[in-house]
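Have a look at input-v8.cif below; it lists mmCIF, C-alpha atoms.
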```cif
data_model
#
loop_
_atom_site.label_atom_id
_atom_site.label_comp_id
_atom_site.auth_asym_id
_atom_site.auth_seq_id
_atom_site.Cartn_x
_atom_site.Cartn_y
_atom_site.Cartn_z
CA MET A 148 27.04 7.24 -25.26
CA ASN A 149 26.30 6.55 -28.92
CA GLU A 150 26.20 3.49 -31.12
CA THR A 151 27.47 3.68 -34.70
CA ASP A 152 25.59 1.89 -37.46
CA PRO A 153 28.17 -0.15 -39.48
CA LEU A 154 26.33 0.36 -42.79
CA THR A 155 25.30 3.98 -42.71
CA GLY A 156 27.85 5.27 -40.24
CA GLN A 157 25.07 7.13 -38.41
CA THR A 158 25.21 7.30 -34.67
CA SER A 159 22.26 6.73 -32.39
CA PRO A 160 22.20 7.11 -28.62
CA ARG A 161 22.55 3.86 -26.71
CA TYR A 162 20.99 5.30 -23.58
CA HIS A 163 18.01 7.46 -22.83
CA PRO A 164 18.88 10.80 -21.24
CA LEU A 165 18.81 10.90 -17.46
CA PRO A 166 15.98 12.89 -15.91
CA GLN A 167 17.16 15.85 -13.87
CA PRO A 168 15.83 16.51 -10.34
CA ASP A 169 13.61 19.42 -11.37
CA GLU A 170 11.94 17.22 -14.02
CA ILE A 171 10.98 14.48 -11.58
CA PRO A 172 7.62 14.91 -9.86
CA GLU A 173 7.47 14.64 -6.09
CA ARG A 174 5.33 11.55 -6.36
CA ASP A 175 7.92 9.73 -8.48
CA ARG A 176 10.61 10.61 -5.97
CA GLU A 177 8.54 9.15 -3.15
CA ASP A 178 7.90 5.97 -5.10
CA ALA A 179 11.59 5.64 -5.94
CA MET A 180 12.48 6.10 -2.28
CA GLY A 181 9.92 3.46 -1.29
CA GLY A 182 11.85 0.77 -3.14
CA TYR A 183 14.74 1.01 -0.71
CA LEU A 184 12.46 1.04 2.31
CA MET A 185 11.18 -2.42 1.41
CA MET A 186 14.25 -3.76 3.23
CA PHE A 187 12.30 -3.14 6.44
CA ALA A 188 9.30 -5.18 5.30
CA ALA A 189 10.24 -8.13 7.50
CA VAL A 190 10.18 -5.87 10.55
CA ALA A 191 6.86 -4.40 9.47
CA SER A 192 5.23 -7.77 8.95
CA SER A 193 6.68 -9.09 12.22
CA LEU A 194 8.12 -12.10 10.40
CA PRO A 195 11.90 -12.16 10.85
CA LEU A 196 12.53 -14.22 7.73
CA PRO A 197 15.11 -13.06 5.17
CA ILE A 198 12.74 -13.85 2.30
CA ILE A 199 10.07 -11.31 3.35
CA ASN A 200 12.19 -8.32 2.32
CA LEU A 201 12.86 -9.87 -1.04
CA ILE A 202 9.18 -10.67 -1.66
CA ALA A 203 8.25 -7.10 -0.74
CA ALA A 204 10.94 -5.72 -3.04
CA VAL A 205 9.83 -7.94 -5.93
CA ILE A 206 6.17 -6.93 -5.53
CA TYR A 207 7.10 -3.27 -5.19
CA TYR A 208 9.27 -3.51 -8.28
CA TYR A 209 6.59 -5.06 -10.45
CA VAL A 210 3.87 -2.69 -9.23
CA ASN A 211 5.93 0.46 -9.80
CA ARG A 212 8.40 -0.22 -12.58
CA LYS A 213 6.25 1.14 -15.40
CA LYS A 214 5.59 4.46 -13.71
CA SER A 215 8.84 6.07 -14.87
CA ARG A 216 12.46 5.23 -15.66
CA PHE A 217 13.57 6.95 -12.50
CA ILE A 218 11.33 4.75 -10.31
CA HIS A 219 12.23 1.69 -12.37
CA PHE A 220 15.94 2.30 -11.88
CA HIS A 221 15.77 2.78 -8.13
CA SER A 222 13.37 -0.09 -7.44
CA LEU A 223 15.47 -2.41 -9.63
CA GLN A 224 18.71 -1.37 -7.95
CA SER A 225 17.08 -1.93 -4.57
CA LEU A 226 15.83 -5.36 -5.62
CA LEU A 227 19.12 -6.55 -7.13
CA SER A 228 21.23 -5.25 -4.27
CA GLN A 229 19.09 -7.20 -1.82
CA LEU A 230 19.98 -10.53 -3.36
CA PRO A 231 23.49 -11.01 -1.87
CA THR A 232 22.48 -10.10 1.68
CA THR A 233 19.32 -12.20 1.40
CA PHE A 234 21.35 -15.26 0.40
CA MET A 235 23.87 -14.58 3.13
CA ASN A 236 21.07 -14.24 5.68
CA TRP A 237 19.53 -17.49 4.50
CA GLY A 238 22.91 -19.14 4.87
CA LEU A 239 23.23 -17.83 8.38
CA LEU A 240 19.75 -19.01 9.25
CA TYR A 241 20.44 -22.49 7.88
CA TRP A 242 23.85 -22.73 9.54
CA GLY A 243 22.41 -21.46 12.83
CA ILE A 244 19.60 -24.02 12.78
CA MET A 245 22.08 -26.81 12.05
CA VAL A 246 24.38 -25.71 14.87
CA TRP A 247 21.42 -25.61 17.22
CA THR A 248 19.84 -28.90 16.23
CA SER A 249 22.65 -31.14 14.99
CA ASP A 250 25.57 -32.57 16.94
CA ASN A 251 27.76 -32.64 13.84
CA TRP A 252 27.69 -28.85 13.50
CA THR A 253 29.49 -26.79 16.13
CA PHE A 254 29.66 -23.17 17.08
CA ASP A 255 33.20 -22.85 15.76
CA ASP A 256 35.33 -19.98 14.56
CA TYR A 257 34.10 -20.39 10.98
CA PHE A 258 30.57 -19.81 12.13
CA LYS A 259 31.60 -16.80 14.22
CA GLY A 260 33.44 -15.38 11.24
CA TYR A 261 30.42 -15.90 9.03
CA ILE A 262 28.16 -14.15 11.56
CA PHE A 263 30.57 -11.22 11.58
CA ALA A 264 30.60 -11.08 7.77
CA VAL A 265 26.80 -11.20 7.59
CA VAL A 266 26.43 -8.43 10.16
CA ILE A 267 28.89 -6.22 8.27
CA ALA A 268 27.17 -6.96 4.93
CA ASN A 269 23.76 -6.12 6.37
CA LEU A 270 25.01 -2.93 7.98
CA MET A 271 26.61 -1.81 4.74
CA TYR A 272 23.46 -2.67 2.85
CA VAL A 273 21.25 -0.71 5.26
CA VAL A 274 23.54 2.34 5.27
CA PHE A 275 23.90 2.48 1.49
CA SER A 276 20.18 1.85 0.97
CA LEU A 277 19.29 4.70 3.31
CA ILE A 278 21.67 7.01 1.45
CA ALA A 279 20.10 5.90 -1.84
CA ALA A 280 16.58 6.43 -0.42
CA VAL A 281 17.44 9.99 0.59
CA ARG A 282 19.01 10.67 -2.80
CA ALA A 283 15.97 9.23 -4.60
CA LYS A 284 13.69 11.47 -2.53
CA LYS A 285 15.75 14.42 -3.75
CA GLY A 286 15.35 13.29 -7.35
CA ARG A 287 18.98 12.24 -7.66
CA MET A 288 20.59 9.12 -9.08
CA TYR A 289 22.75 7.00 -6.82
CA TYR A 290 24.75 4.07 -8.09
CA PHE A 291 25.66 1.08 -5.98
CA LEU A 292 28.80 -0.82 -6.79
CA PHE A 293 28.07 -3.22 -9.71
CA PHE A 294 24.26 -3.12 -9.24
CA GLY A 295 24.11 0.58 -10.08
CA LYS A 296 25.65 0.11 -13.50
CA LEU A 297 23.63 -3.03 -14.14
CA SER A 298 20.36 -1.29 -13.25
CA TYR A 299 21.25 1.76 -15.30
CA ASP A 300 22.02 -0.44 -18.27
CA MET A 301 18.78 -2.37 -17.95
CA VAL A 302 16.56 0.69 -17.48
CA PHE A 303 18.09 3.50 -19.51
CA SER A 304 19.41 1.47 -22.41
CA THR A 305 17.54 2.02 -25.67
CA SER A 306 17.19 -1.77 -25.89
CA ASN A 307 14.79 -1.61 -22.94
CA THR A 308 11.38 -1.94 -24.60
CA LEU A 309 9.26 -1.32 -21.52
CA VAL A 310 6.64 1.37 -22.09
CA TYR A 311 6.50 3.92 -19.29
CA LYS A 312 3.59 6.10 -18.25
CA GLY A 313 3.64 9.31 -20.25
CA GLU A 314 6.32 8.10 -22.65
CA ARG A 315 5.44 7.41 -26.24
CA SER A 316 5.83 3.74 -27.08
CA VAL A 317 8.43 2.97 -29.75
CA PRO A 318 6.88 1.04 -32.65
CA THR A 319 8.68 -2.23 -33.23
CA GLU A 320 6.80 -3.58 -36.25
CA ASN A 321 9.52 -2.60 -38.75
CA LYS A 322 12.87 -4.15 -37.98
CA PRO A 323 16.20 -4.22 -39.87
CA PRO A 324 17.02 -7.45 -41.82
CA PHE A 325 19.87 -8.50 -39.49
CA MET B 122 -11.70 14.95 5.42
CA MET B 123 -13.34 11.59 4.89
CA THR B 124 -16.44 10.72 2.90
CA LEU B 125 -18.18 7.44 3.49
CA GLU B 126 -21.62 7.02 1.99
CA ILE B 127 -23.60 3.88 1.40
CA LYS B 128 -26.62 4.26 -0.83
CA HIS B 129 -29.88 3.43 0.89
CA GLN B 130 -31.74 1.44 -1.73
CA GLU B 131 -35.46 1.94 -2.25
CA GLN B 132 -35.94 -1.78 -2.52
CA TYR B 133 -33.76 -4.68 -1.39
CA SER B 134 -33.80 -8.10 -2.98
CA ARG B 135 -35.19 -10.75 -0.63
CA GLY B 136 -33.71 -13.52 -2.74
CA GLU B 137 -30.25 -12.03 -2.49
CA LEU B 138 -30.71 -11.53 1.23
CA LEU B 139 -31.47 -15.22 1.71
CA LEU B 140 -28.68 -16.27 -0.62
CA ARG B 141 -26.19 -14.06 1.21
CA SER B 142 -27.32 -15.26 4.59
CA LEU B 143 -27.15 -18.94 3.70
CA PHE B 144 -24.16 -19.11 1.36
CA GLY B 145 -22.57 -15.66 1.58
CA LEU B 146 -19.71 -17.05 3.63
CA PHE B 147 -18.66 -19.25 0.72
CA TYR B 148 -19.27 -17.13 -2.34
CA ILE B 149 -18.67 -13.63 -0.95
CA VAL B 150 -16.68 -13.64 2.29
CA LEU B 151 -14.13 -16.40 1.71
CA PRO B 152 -12.90 -15.36 -1.75
CA HIS B 153 -12.67 -11.71 -0.73
CA VAL B 154 -11.06 -12.38 2.65
CA PHE B 155 -8.50 -14.65 1.02
CA LEU B 156 -7.37 -11.85 -1.31
CA LEU B 157 -7.74 -9.13 1.28
CA PHE B 158 -5.43 -11.05 3.59
CA PHE B 159 -2.53 -10.45 1.21
CA VAL B 160 -3.56 -6.88 0.58
CA ALA B 161 -3.70 -6.36 4.35
CA ILE B 162 -0.11 -7.58 4.73
CA ALA B 163 1.02 -5.08 2.10
CA ALA B 164 -1.05 -2.36 3.78
CA GLN B 165 0.51 -3.17 7.15
CA VAL B 166 4.01 -3.02 5.70
CA LEU B 167 3.30 0.31 4.01
CA SER B 168 1.71 1.72 7.14
CA PHE B 169 4.77 0.81 9.20
CA LEU B 170 7.11 2.31 6.61
CA ALA B 171 4.89 5.38 6.22
CA PHE B 172 5.34 6.06 9.93
CA TRP B 173 9.09 6.43 9.42
CA VAL B 174 8.70 8.37 6.21
CA ILE B 175 6.39 10.83 7.97
CA LEU B 176 8.84 11.19 10.84
CA PHE B 177 11.61 12.16 8.43
CA THR B 178 9.75 14.02 5.70
CA GLY B 179 6.48 15.13 7.32
CA LYS B 180 4.51 13.63 4.47
CA TYR B 181 2.65 10.39 3.79
CA PRO B 182 3.80 9.13 0.35
CA GLN B 183 0.87 9.76 -1.95
CA SER B 184 0.96 6.41 -3.77
CA TRP B 185 0.96 4.55 -0.47
CA PHE B 186 -1.86 6.72 0.80
CA GLU B 187 -3.94 5.91 -2.25
CA PHE B 188 -3.19 2.22 -1.81
CA GLN B 189 -4.48 2.39 1.77
CA VAL B 190 -7.65 4.18 0.65
CA LYS B 191 -8.27 1.57 -2.03
CA ASN B 192 -7.75 -1.20 0.47
CA MET B 193 -10.26 0.42 2.83
CA ARG B 194 -12.69 0.91 -0.05
CA TRP B 195 -12.50 -2.79 -0.91
CA ASN B 196 -13.09 -3.72 2.73
CA LEU B 197 -16.07 -1.39 2.89
CA ARG B 198 -17.56 -2.88 -0.27
CA LEU B 199 -17.38 -6.25 1.38
CA ASN B 200 -18.70 -4.99 4.72
CA ALA B 201 -21.67 -3.35 3.01
CA ARG B 202 -22.72 -6.84 1.84
CA ILE B 203 -21.92 -8.57 5.11
CA TYR B 204 -24.13 -6.05 6.94
CA ASN B 205 -26.80 -6.41 4.21
CA LEU B 206 -26.57 -2.68 3.48
CA ALA B 207 -26.21 -3.18 -0.26
CA ASP B 208 -27.28 -5.71 -2.84
CA GLY B 209 -25.09 -7.04 -5.60
CA TYR B 210 -21.74 -8.74 -5.56
CA PRO B 211 -18.80 -6.65 -4.30
CA ALA B 212 -16.22 -6.10 -7.03
CA PHE B 213 -12.76 -7.61 -6.67
CA GLY B 214 -9.67 -5.48 -6.96
CA LEU B 215 -8.13 -2.33 -5.62
CA ASN B 216 -9.24 -0.16 -8.52
CA ALA B 217 -12.82 -1.40 -8.69
CA GLN B 218 -15.71 0.96 -8.03
CA ASP B 219 -19.05 0.27 -6.44
CA GLU B 220 -22.35 1.91 -7.27
CA HIS B 221 -23.55 1.60 -3.66
CA VAL B 222 -20.48 2.47 -1.62
CA THR B 223 -18.57 5.76 -1.84
CA PHE B 224 -15.39 6.24 0.13
CA ASP B 225 -12.83 9.00 -0.28
CA VAL B 226 -10.21 10.56 1.91
CA THR B 227 -8.52 13.88 1.23
CA TYR B 228 -4.79 13.46 0.88
CA PRO B 229 -3.01 15.61 3.48
CA GLU B 230 -0.09 17.52 1.97
CA GLN B 231 1.55 17.61 5.39
CA THR B 232 1.27 15.27 8.35
CA SER B 233 2.34 16.29 11.83
CA ARG B 234 5.50 14.43 12.87
CA GLY B 235 4.89 15.05 16.57
CA LEU B 236 1.33 13.79 16.36
CA THR B 237 2.51 10.74 14.42
CA LEU B 238 4.94 9.89 17.19
CA VAL B 239 2.32 10.50 19.87
CA ARG B 240 -0.13 8.24 18.04
CA ALA B 241 2.42 5.45 17.70
CA LEU B 242 3.39 5.61 21.36
CA PHE B 243 0.15 6.53 23.11
CA GLY B 244 -2.53 5.97 20.46
CA ILE B 245 -3.75 2.92 22.30
CA PHE B 246 -4.58 5.03 25.35
CA TYR B 247 -6.14 8.15 23.93
CA VAL B 248 -7.69 6.75 20.72
CA LEU B 249 -8.12 3.00 20.81
CA LEU B 250 -9.34 2.64 24.37
CA PRO B 251 -12.01 5.39 24.45
CA HIS B 252 -13.23 4.82 20.90
CA GLY B 253 -12.86 1.07 21.09
CA PHE B 254 -14.91 0.99 24.30
CA ILE B 255 -17.84 2.80 22.69
CA LEU B 256 -17.48 1.00 19.38
CA TRP B 257 -17.62 -2.32 21.18
CA PHE B 258 -21.03 -1.45 22.64
CA LEU B 259 -22.13 -0.05 19.31
CA SER B 260 -21.13 -3.29 17.61
CA ILE B 261 -23.47 -5.16 19.93
CA GLY B 262 -26.20 -2.68 18.97
CA VAL B 263 -25.38 -3.20 15.30
CA MET B 264 -25.77 -6.93 15.78
CA PHE B 265 -29.30 -6.51 17.14
CA VAL B 266 -30.21 -3.90 14.54
CA GLN B 267 -28.93 -6.15 11.81
CA PHE B 268 -31.05 -9.03 13.09
CA ILE B 269 -34.21 -6.91 13.15
CA ALA B 270 -33.42 -5.31 9.80
CA TRP B 271 -32.93 -8.76 8.29
CA TRP B 272 -36.54 -9.64 9.05
CA ALA B 273 -37.73 -6.24 7.90
CA VAL B 274 -36.01 -6.69 4.54
CA LEU B 275 -37.30 -10.25 4.24
CA PHE B 276 -40.94 -9.26 4.77
CA THR B 277 -41.07 -5.74 3.33
CA GLY B 278 -38.08 -5.55 0.98
CA LYS B 279 -37.09 -2.29 2.66
CA TYR B 280 -34.25 -1.56 5.08
CA PRO B 281 -35.60 0.80 7.79
CA ALA B 282 -33.80 4.12 7.27
CA SER B 283 -32.95 4.75 10.93
CA MET B 284 -31.44 1.28 11.29
CA PHE B 285 -29.53 1.73 8.06
CA ASP B 286 -28.09 5.05 9.27
CA PHE B 287 -27.12 3.48 12.60
CA VAL B 288 -25.03 0.78 10.90
CA VAL B 289 -23.48 3.20 8.40
CA GLU B 290 -22.55 5.59 11.22
CA TYR B 291 -20.91 2.71 13.08
CA LEU B 292 -18.84 1.91 9.99
CA ARG B 293 -17.99 5.57 9.46
CA TRP B 294 -16.89 5.95 13.08
CA SER B 295 -14.67 2.84 12.88
CA GLN B 296 -13.18 4.06 9.64
CA ARG B 297 -12.26 7.44 11.12
CA VAL B 298 -10.47 5.71 13.98
CA SER B 299 -8.57 3.53 11.51
CA LEU B 300 -7.56 6.57 9.46
CA TYR B 301 -6.30 8.41 12.50
CA LEU B 302 -4.37 5.45 13.87
CA GLY B 303 -3.00 4.72 10.39
CA TYR B 304 -1.45 8.25 10.24
CA MET B 305 -3.71 9.13 7.32
CA THR B 306 -5.28 12.14 8.99
CA ASP B 307 -4.29 14.45 11.81
CA THR B 308 -7.89 15.11 12.82
CA TYR B 309 -8.82 13.33 16.01
CA PRO B 310 -11.87 11.16 15.27
CA PRO B 311 -15.08 12.64 16.68
CA PHE B 312 -17.15 10.52 19.05
CA SER B 313 -19.82 10.27 16.42
CA GLY B 314 -20.51 8.53 13.15
CA LYS B 315 -22.20 11.53 11.57
CA PRO B 316 -20.79 12.59 8.21
CA ASP B 317 -18.26 15.41 8.03
CA PRO B 318 -19.64 18.86 7.21
CA ALA B 319 -19.42 19.73 3.52
CA PRO B 320 -16.10 21.36 2.59
CA SER B 321 -15.69 24.57 0.65
CA PRO B 322 -15.11 23.86 -3.07
CA SER B 323 -11.41 24.77 -2.81
CA GLN B 324 -10.85 22.15 -0.10
CA ALA B 325 -12.73 19.35 -1.77
CA THR B 326 -10.17 17.06 -3.39
CA ASP B 327 -10.31 13.33 -3.08
CA SER B 328 -7.46 10.94 -2.38
CA SER B 329 -6.19 11.10 -5.96
CA GLY B 330 -5.80 14.81 -5.46
CA ASP B 331 -7.17 15.76 -8.85
CA GLN B 332 -10.92 15.50 -8.61
CA THR B 333 -13.53 17.43 -6.75
CA SER B 334 -15.43 15.29 -4.31
CA GLU B 335 -19.09 15.53 -5.15
CA THR B 336 -20.28 12.79 -2.90
CA ASN B 337 -19.65 14.41 0.41
CA ALA B 338 -22.56 14.19 2.76
#
```
Structure translated into C-alpha cells:
Amino acid sequence: MNETDPLTGQTSPRYHPLPQPDEIPERDREDAMGGYLMMFAAVASSLPLPIINLIAAVIYYYVNRKKSRFIHFHSLQSLLSQLPTTFMNWGLLYWGIMVWTSDNWTFDDYFKGYIFAVVIANLMYVVFSLIAAVRAKKGRMYYFLFFGKLSYDMVFSTSNTLVYKGERSVPTENKPPF
Amino acid sequence: MMTLEIKHQEQYSRGELLLRSLFGLFYIVLPHVFLLFFVAIAAQVLSFLAFWVILFTGKYPQSWFEFQVKNMRWNLRLNARIYNLADGYPAFGLNAQDEHVTFDVTYPEQTSRGLTLVRALFGIFYVLLPHGFILWFLSIGVMFVQFIAWWAVLFTGKYPASMFDFVVEYLRWSQRVSLYLGYMTDTYPPFSGKPDPAPSPSQATDSSGDQTSETNA
C-alpha cells in the first residue's frame, strides 16, 4: 500500500513490509507467543480477578514491544483483544455480587443470558488466542476481527515512530512545512 | 549447569556489619523485598506459563528463562548481604551486576516434557521433601554459623573460610532445588552444595547463550 505525495506525485509506502517466517528468530516467535499466554496470568497468580490478565498483558506489552515489529504486533493484538472480555467479566462479577448481596437484584433470565454470553465470549477469546499463539510461534501473522487490522495499522504503519531493536531509527529533525 | 559463586573478601567492614545488623532491615531488606515481591509475582506467572509451553514445545522460552535467572540473581545479591557474606549495598534492578556475587545458568535448548510433568505432579515427594528435609536442618546450622561468624567478623574483620563455604553451599543447594522445581534444568539436584565440575569450553555458555562462562568453580 502506497501513499502519493500531492505536490511531487511520488509514492511512498504507507506500511513497513511484513517479516516472513524464515526471517523471524526463534526467540522473537516465543516472545510473540507469550503475549497471548498472558490470558492465563490470573490462573497462574491464583487470583481469579478479571483485571489480573489485563495487567499482565499490559506489562508484557510494554516490556516487549520494542524488541521487534512482529512481537509488537502480536502483544498489542493480544492486549487489545482482551479488553472486551475483561469488561464483560467485570460486568459479570459486579452483577453477580449484586445478585448475591442485594435484594433488589435477582437471578433472572437477563442475568442467565449475560452469563451465557460471557462464557461464549471467553471461550471464543481463548480458542482464537491459542490459535494466534501457535501461529506466532511458527512466525506467522494472525489477524483477529477488528483488532488485527487495528494492531497492524498501529505497528506496521510508517507513521509508527517507535524504534525497534536492530532497526535504524528514522531521523525526524527535518519535517515538511505542512 | 549452574554457577553460583560469592567472593570471599579478604577483609570485611565491621562498621557495615554493625550497620546492616542494626538497620539493615530498613535500608536493605524492606526496599528490596518490596520490589522483589512484584518481580516474584511476574516470575510465578511466567513459571506457570512456561510449564505449559514446555509441555507443548519442549522448550523453555529463552526470554522468560533469562528473566527467571535475573530474578534469582537479584535475590542472591540480597541474600549475600542478609547472610553477611558480602559488603556493599546490593544493586536494584534485574539487569544490575554485583562484584561479589556471580550467578549463571546454562540455557537448556530442550527440556524434557515427561520430566516436567513428573516434577509438577510428584516434585513435592521426590524433590521437595528429601531436599527440604536436609535443607531445613542445614538452615539451622547456617543460623548458628552466621551467629559465630558475626562475632568473628566483628573482632577480626575476617569471615572464617570454612563457615563462609558452608553458607554458600547451603545457598547453592537451595538454588539448585529451585531451578529443578522451576523447570529450568532437567538435572536432579545433587544432595550437596559443592560447585558443579568445570564444563568443557564448548559447553560453557551462560543464560544469555552468547558468552563463555569464565566464573565456573
If the box runs along x, y and z of the file and leaves 4 Å on each side of segment 220-234 of chain A, what are its centre and edge lengths in Å, one decimal, as JSON?
```
{"center_x": 18.4, "center_y": -6.2, "center_z": -5.1, "size_x": 18.1, "size_y": 26.0, "size_z": 21.6}
```
Query raised in the report: Residues picked by the PyMOL selection byres ((chain A) within 12 of (chain B)) here, as a ChimeraX atom specification?
Result: /A:172-194,199-200,202-204,206-207,210-211,214,277,280-281,284-285
Atoms to include: C-alpha atoms. Write the selected residues as an mmCIF file, in the coordinates of the input.
```cif
data_model
loop_
_atom_site.group_PDB
_atom_site.id
_atom_site.type_symbol
_atom_site.label_atom_id
_atom_site.label_comp_id
_atom_site.auth_asym_id
_atom_site.auth_seq_id
_atom_site.Cartn_x
_atom_site.Cartn_y
_atom_site.Cartn_z
ATOM 1 C CA PRO A 172 7.620 14.910 -9.860
ATOM 2 C CA GLU A 173 7.470 14.640 -6.090
ATOM 3 C CA ARG A 174 5.330 11.550 -6.360
ATOM 4 C CA ASP A 175 7.920 9.730 -8.480
ATOM 5 C CA ARG A 176 10.610 10.610 -5.970
ATOM 6 C CA GLU A 177 8.540 9.150 -3.150
ATOM 7 C CA ASP A 178 7.900 5.970 -5.100
ATOM 8 C CA ALA A 179 11.590 5.640 -5.940
ATOM 9 C CA MET A 180 12.480 6.100 -2.280
ATOM 10 C CA GLY A 181 9.920 3.460 -1.290
ATOM 11 C CA GLY A 182 11.850 0.770 -3.140
ATOM 12 C CA TYR A 183 14.740 1.010 -0.710
ATOM 13 C CA LEU A 184 12.460 1.040 2.310
ATOM 14 C CA MET A 185 11.180 -2.420 1.410
ATOM 15 C CA MET A 186 14.250 -3.760 3.230
ATOM 16 C CA PHE A 187 12.300 -3.140 6.440
ATOM 17 C CA ALA A 188 9.300 -5.180 5.300
ATOM 18 C CA ALA A 189 10.240 -8.130 7.500
ATOM 19 C CA VAL A 190 10.180 -5.870 10.550
ATOM 20 C CA ALA A 191 6.860 -4.400 9.470
ATOM 21 C CA SER A 192 5.230 -7.770 8.950
ATOM 22 C CA SER A 193 6.680 -9.090 12.220
ATOM 23 C CA LEU A 194 8.120 -12.100 10.400
ATOM 24 C CA ILE A 199 10.070 -11.310 3.350
ATOM 25 C CA ASN A 200 12.190 -8.320 2.320
ATOM 26 C CA ILE A 202 9.180 -10.670 -1.660
ATOM 27 C CA ALA A 203 8.250 -7.100 -0.740
ATOM 28 C CA ALA A 204 10.940 -5.720 -3.040
ATOM 29 C CA ILE A 206 6.170 -6.930 -5.530
ATOM 30 C CA TYR A 207 7.100 -3.270 -5.190
ATOM 31 C CA VAL A 210 3.870 -2.690 -9.230
ATOM 32 C CA ASN A 211 5.930 0.460 -9.800
ATOM 33 C CA LYS A 214 5.590 4.460 -13.710
ATOM 34 C CA LEU A 277 19.290 4.700 3.310
ATOM 35 C CA ALA A 280 16.580 6.430 -0.420
ATOM 36 C CA VAL A 281 17.440 9.990 0.590
ATOM 37 C CA LYS A 284 13.690 11.470 -2.530
ATOM 38 C CA LYS A 285 15.750 14.420 -3.750
#
```
Query raised in the report: In terms of the shortest atom-to-atom distance over all atoms listed in the file, which of A:Phe294, A:Tyr261, A:Phe217, A:Tyr162 is closest to Leu230 of chain A?
Result: A:Phe294
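Picked by the PyMOL selection byres ((chain B and resi 268) around 12) from the coordinates shown: Ser142, Tyr204, Asn205, Ile261, Gly262, Val263, Met264, Phe265, Val266, Gln267, Ile269, Ala270, Trp271, Trp272, Ala273, Val274, Leu275, Tyr280, Met284, Phe285 and Val288 of chain B.
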**Report entry** Output of the PyMOL selection byres ((chain A and resi 287-290) around 9), listed as number ranges by chain
**Finding:** A: 165-168, 176, 217, 220-221, 224, 278-286, 291-296, 298-299
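Between atom CA of Asp317 of chain B and atom CA of His153 of chain B the interatomic distance comes to 29.0 Å.
Using all atoms listed in the file, the residues found no farther than 9 Å from segment 195-197 of chain B, other than those of its own chain fewer than 5 positions away, are His153, Val154, Leu157, Val190, Arg202, Pro211, Ala212, Phe213, Gly214, Leu215, Asn216, Ala217, Gln218, Val222, Thr223, Phe224 and Leu292 of chain B.
Between atom CA of Leu239 of chain A and atom CA of Ser225 of chain A the interatomic distance comes to 21.4 Å.
Of note, atom CA of Thr277 of chain B and atom CA of Lys128 of chain B are spaced 18.1 Å apart.
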Report task. Scan for residues within 6 Å of the point (-18.3, -8.5, 1.9) in the coordinates of the file, using only C-alpha atoms, and reply as a VMD selection string. Result -> chain B and resid 149 to 150 199 to 200 202 to 203
**Report entry** Near-Ser304 of chain A list (7 Å; all atoms listed in the file; drop same-chain fewer than 2 positions) as an MDAnalysis selection string
**Finding:** chainID A and resid 161:163 300:302 306:307
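In terms of minimum interatomic distance to Ala207 of chain B, B:Tyr133 ranks closest within B:Tyr133, B:Trp294, B:Trp257, B:Tyr309, counting only C-alpha atoms.
Closest to Val226 of chain B among B:Leu143, B:Ile255, B:Leu300, B:Ala201 is B:Leu300, based on all atoms listed in the file.
Ranking A:Phe258, A:Val246, A:Lys213, A:Leu227 by their shortest atom-to-atom distance to Thr308 of chain A, with all atoms listed in the file included, puts A:Lys213 first.
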